[in-house]
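To keep things clear, I will list the structure first and then write my remarks on it.
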There are 2 protein chains.
Amino acid sequence: MGAPAFIAGDWGTTNLRLVLADADGTALATTNGPGAAQSQSRFEAVFDELTAPWIREHGSLPAILCGMVGSTIGWINVPYVPCPAPPDRIAGSMTRVNTRNIFIAPGLSCRNRFDAPDVMRGEETQILGALRLAPELQKGHHLLCLPGTHTKWVVLEDGVVKEFLTSVTGELFAVINDHSVLVRSDTPAGDISETFGTAIAHVQRFPDAALSQLLFECRSRQVLGELTREQAPAFLSGLIIGQDILAARRTFADVGGITVLASAQLTALYRRACAVLNVSMNAVDGSKASLAGLTLLHSLRTGRVNVA
Amino acid sequence: MGAPAFIAGDWGTTNLRLVLADADGTALATTNGPGAAQSQSRFEAVFDELTAPWIREHGSLPAILCGMVGSTIGWINVPYVPCPAPPDRIAGSMTRVNTRNIFIAPGLSCRNRFDAPDVMRGEETQILGALRLAPELQKGHHLLCLPGTHTKWVVLEDGVVKEFLTSVTGELFAVINDHSVLVRSDTPAGDISETFGTAIAHVQRFPDAALSQLLFECRSRQVLGELTREQAPAFLSGLIIGQDILAARRTFADVGGITVLASAQLTALYRRACAVLNVSMNAVDGSKASLAGLTLLHSLRTGRVNVA
């Protein structure tokens with residue numbers, strides 16, 4: 001464990017996570033704060049207040065931030081880097097906050113496989129970290145999956161983000177679970193239940209079905225006694241995640257195995273789904289990847305390492 | 001126009017429509033009231049209050065009701081009739097409300113093409129009416145579409161409901177439009193705009209895309225300036241309706257042309273979508289069909305007509 005070298009921050013829409021890190025990316029201390037949506041017009045105050053104890057103890061430190069903090073609703077608007085986006089171009093496109101020693105990573109943009117504009121912010125930094133944590137991703141074709149509110153399916157080609165596709169899975173689950181008449185249960189869906197696996201297997205059996213054609217089952221199976229109210233969220237989750245994995249395998253049939261980049265809980269869910277679907281899957285820890293990516297960006301900026 | 005013969009009622013979850021009709025189904029007067037969800041434990045009071053003026057003027061009249069009034073949240077629970085369901089079996093399964101001269105139509109159930117339980121209530125009566133209004137539906141295979149919160153795709157075989165599939169289109173649109181970060185516009189989506197057609201054409205170009213893979217475009221196209229905030233609801237509507245029609249054509253590829261049974265506004269939307277998708281489509285007026293169906297049920301119950 002070395003001396004404090006920089007402050008690493010993943011500042012998303014709803015949450016801010018700051019890490020006091022040494023030059024190798026070892027976390028010396030962490031703190032959490034309000035997301036970008038809650039920090040509007042007071043990013044500087046939020047940042048300074050949260051980091052004041054570290055600055056008092058260790059003196060001035062540079063910071064690397066990623067996520068929605070660099071968007072139109074963020075501290076400053078950092079333009080997207082178009083794909084294909086090699087690591088050094090992402091690092092070179094970081095933008096300095098005014099005259100301070102704070103740098104914000106750019107998001108990425110592309111034209112996705114459905115000929116639509118697509119964007120990400122924050123995930124590009126996690127991907128850079130994954131390349132460090134799992135060096136086997138630096139060669140060949142890989143399909144990364146970063147599940148979340150807006151899941152990102154990312155095609156890596158020899159360590160370069162070639163293209164990606166955003167899939168609305170987490171938000172779709174949330175709006176149907178919370179606001180439709182199909183589910184009406186407060187049971188958390190995060191647990192991997194038998195019902196989740198049943199829904200995954202059902203999706204696999206009817207790969208041509210549209211989501212709109214399967215969703216009513218969350219209700220009709222309750223009406224006919226095949227599903228309890230408490231099981232409905234897990235069934236819904238299985239329909240959405242199962243269809244999304246199948247659709248990604250169809251869309252990116254030319255790309256290799258799936259590597260999921262997520263929390264332990266989400267990784268376990270995807271592992272179960274992939275097992276049922278007979279899709280091979282690797283995993284990289286999402287928050288470790290985020291810190292590793294911010295550390296790489298710090299190193300690239302200060303010239304400690306070079307990336308071809 | 002004949003003498004008042006019966007009261008016809010379409011009593012759905014959110015709305016009640018009562019019609020004073022002659023024996024041929026001509027509407028002599030109409031009135032509206034609260035839906036089944038708002039009428040719990042006071043169905044009798046609601047019905048009697050709304051029909052009192054007619055009874056005062058014309059004396060006692062029988063009534064035929066359909067919709068959620070016959071469900072577990074309704075006046076009485078009328079069991080579903082399993083498919084295939086010929087008209088006389090639907091008529092014969094009507095249930096009398098206590099000792100009153102009021103009869104409630106049963107809903108239909110089936111095991112749909114995705115081996116899931118499926119149910120409808122109210123649409124079965126609209127379908128009976130469509131068979132009267134468009135007699136060509138009485139022979140051969142037809143695919144009916146009854147769009148709504150929970151759209152019903154119905155396979156008719158020589159005038160018998162053979163099977164059906166519920167597709168969650170209206171509710172999916174509502175929860176995404178009202179509660180996701182993808183749209184965030186109060187613009188009504190009902191108007192047939194250029195944007196609706198653009199979304200339909202987009203769906204047609206990528207028939208293998210999953211809905212989760214296209215939804216993010218509602219937002220990313222706004223971020224990149226290809227879609228205005230006001231256009232987003234129409235784009236969302238086009239994605240959902242377009243995918244639903246394509247999916248139905250895929251699922252029921254063995255069934256003939258589509259007949260849409262809906263309001264004028266929804267019919268126009270589906271007509272536009274089908275034109276872009278090059279799918280042939282006929283239409284029958286939804287509320288006329290509902291009244292015609294209730295009239296048929298009245299006639300069958302009183303022995304005025306027979307249906308094989």
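We name chains A, B, ... following the order of the structure tokens; residues begin at 1 in each chain, and ligands are numbered from 1 as shown.
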(request) Taking all C-alpha atoms matched one to one in order, superimpose chain A on chain B and note the resulting RMSD in Å. (result)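 Across all paired C-alpha atoms, the RMSD is 0.0 Å.
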Sorted by chain and rising residue number, list the residues of chain A at most 9 Å from chain B (counting only C-alpha atoms), each with its closest atom pair and distance in Å to one decimal, as CSV.
residue,atom,partner,partner_atom,distance
A:Phe114,CA,B:Phe206,CA,6.7
A:Ala116,CA,B:Glu217,CA,6.7
A:Pro117,CA,B:Ser220,CA,6.0
A:Asp118,CA,B:Ser220,CA,5.7
A:Val119,CA,B:Ser220,CA,6.6
A:His150,CA,B:Phe216,CA,7.7
A:Leu165,CA,B:Gln213,CA,7.3
A:Thr166,CA,B:Gln213,CA,6.4
A:Ser167,CA,B:Gln213,CA,4.4
A:Val168,CA,B:Ser212,CA,4.8
A:Thr169,CA,B:Ser212,CA,6.2
A:Glu171,CA,B:Ser180,CA,6.8
A:Leu172,CA,B:Ile176,CA,7.5
A:Ala174,CA,B:Ser180,CA,8.7
A:Val175,CA,B:Val175,CA,5.9
A:Ile176,CA,B:Val175,CA,6.6
A:Asp178,CA,B:Val175,CA,9.0
A:His179,CA,B:Val175,CA,6.2
A:Ser180,CA,B:Val175,CA,6.6
A:Val181,CA,B:Glu171,CA,8.4
A:His202,CA,B:Phe114,CA,8.5
A:Arg205,CA,B:Phe114,CA,8.5
A:Phe206,CA,B:Phe114,CA,6.7
A:Asp208,CA,B:Ala247,CA,8.0
A:Ala209,CA,B:Ala247,CA,6.9
A:Ala210,CA,B:Ala247,CA,6.1
A:Leu211,CA,B:Leu211,CA,6.8
A:Ser212,CA,B:Val168,CA,4.8
A:Gln213,CA,B:Ser167,CA,4.4
A:Leu214,CA,B:Ser167,CA,7.2
A:Leu215,CA,B:Val168,CA,6.3
A:Phe216,CA,B:Val168,CA,6.1
A:Glu217,CA,B:Ala116,CA,6.7
A:Ser220,CA,B:Asp118,CA,5.7
A:Arg221,CA,B:Pro117,CA,6.1
A:Val223,CA,B:Val119,CA,8.6
A:Leu224,CA,B:Pro117,CA,7.0
A:Glu226,CA,B:Pro117,CA,8.7
A:Ile240,CA,B:Ser212,CA,8.0
A:Gln243,CA,B:Ala210,CA,7.5
A:Asp244,CA,B:Ser212,CA,6.9
A:Ala247,CA,B:Ala210,CA,6.1
A:Ala248,CA,B:Gln213,CA,8.5
A:Arg250,CA,B:Asp208,CA,8.1
A:Thr251,CA,B:Ala209,CA,7.6
(request) Enumerate, as number ranges by chain, the complete set of residues in region 33-175 of chain A that a backbone-based DSSP assignment places in helix (DSSP H, G or I). (result) A: 36-38, 43-58, 68-70, 87-92, 123-133, 135-138, 170-175
(request) Can you work out the spacing between CA of Val81 (chain A) and CA of Val155 (chain A) in Å, to one decimal? (result)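 Computing the Euclidean distance for CA of Val81 (chain A) and CA of Val155 (chain A) yields 15.5 Å.
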(request) Extract, using only C-alpha atoms, all DNA, RNA and protein residues at most 7 Å from region 128-141 of chain B, discarding same-chain residues fewer than 3 positions from it, and format them as a list of chain:residue names. (result)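 Once the adjacent positions are removed, what remains is B:Pro87, B:Glu124, B:Thr125, B:Leu156, B:Glu157, B:Asp158, B:Gly159, B:Val255, B:Gly256, B:Val284, B:Ala289, B:Ser290, B:Leu291, B:Ala292, B:Gly293.
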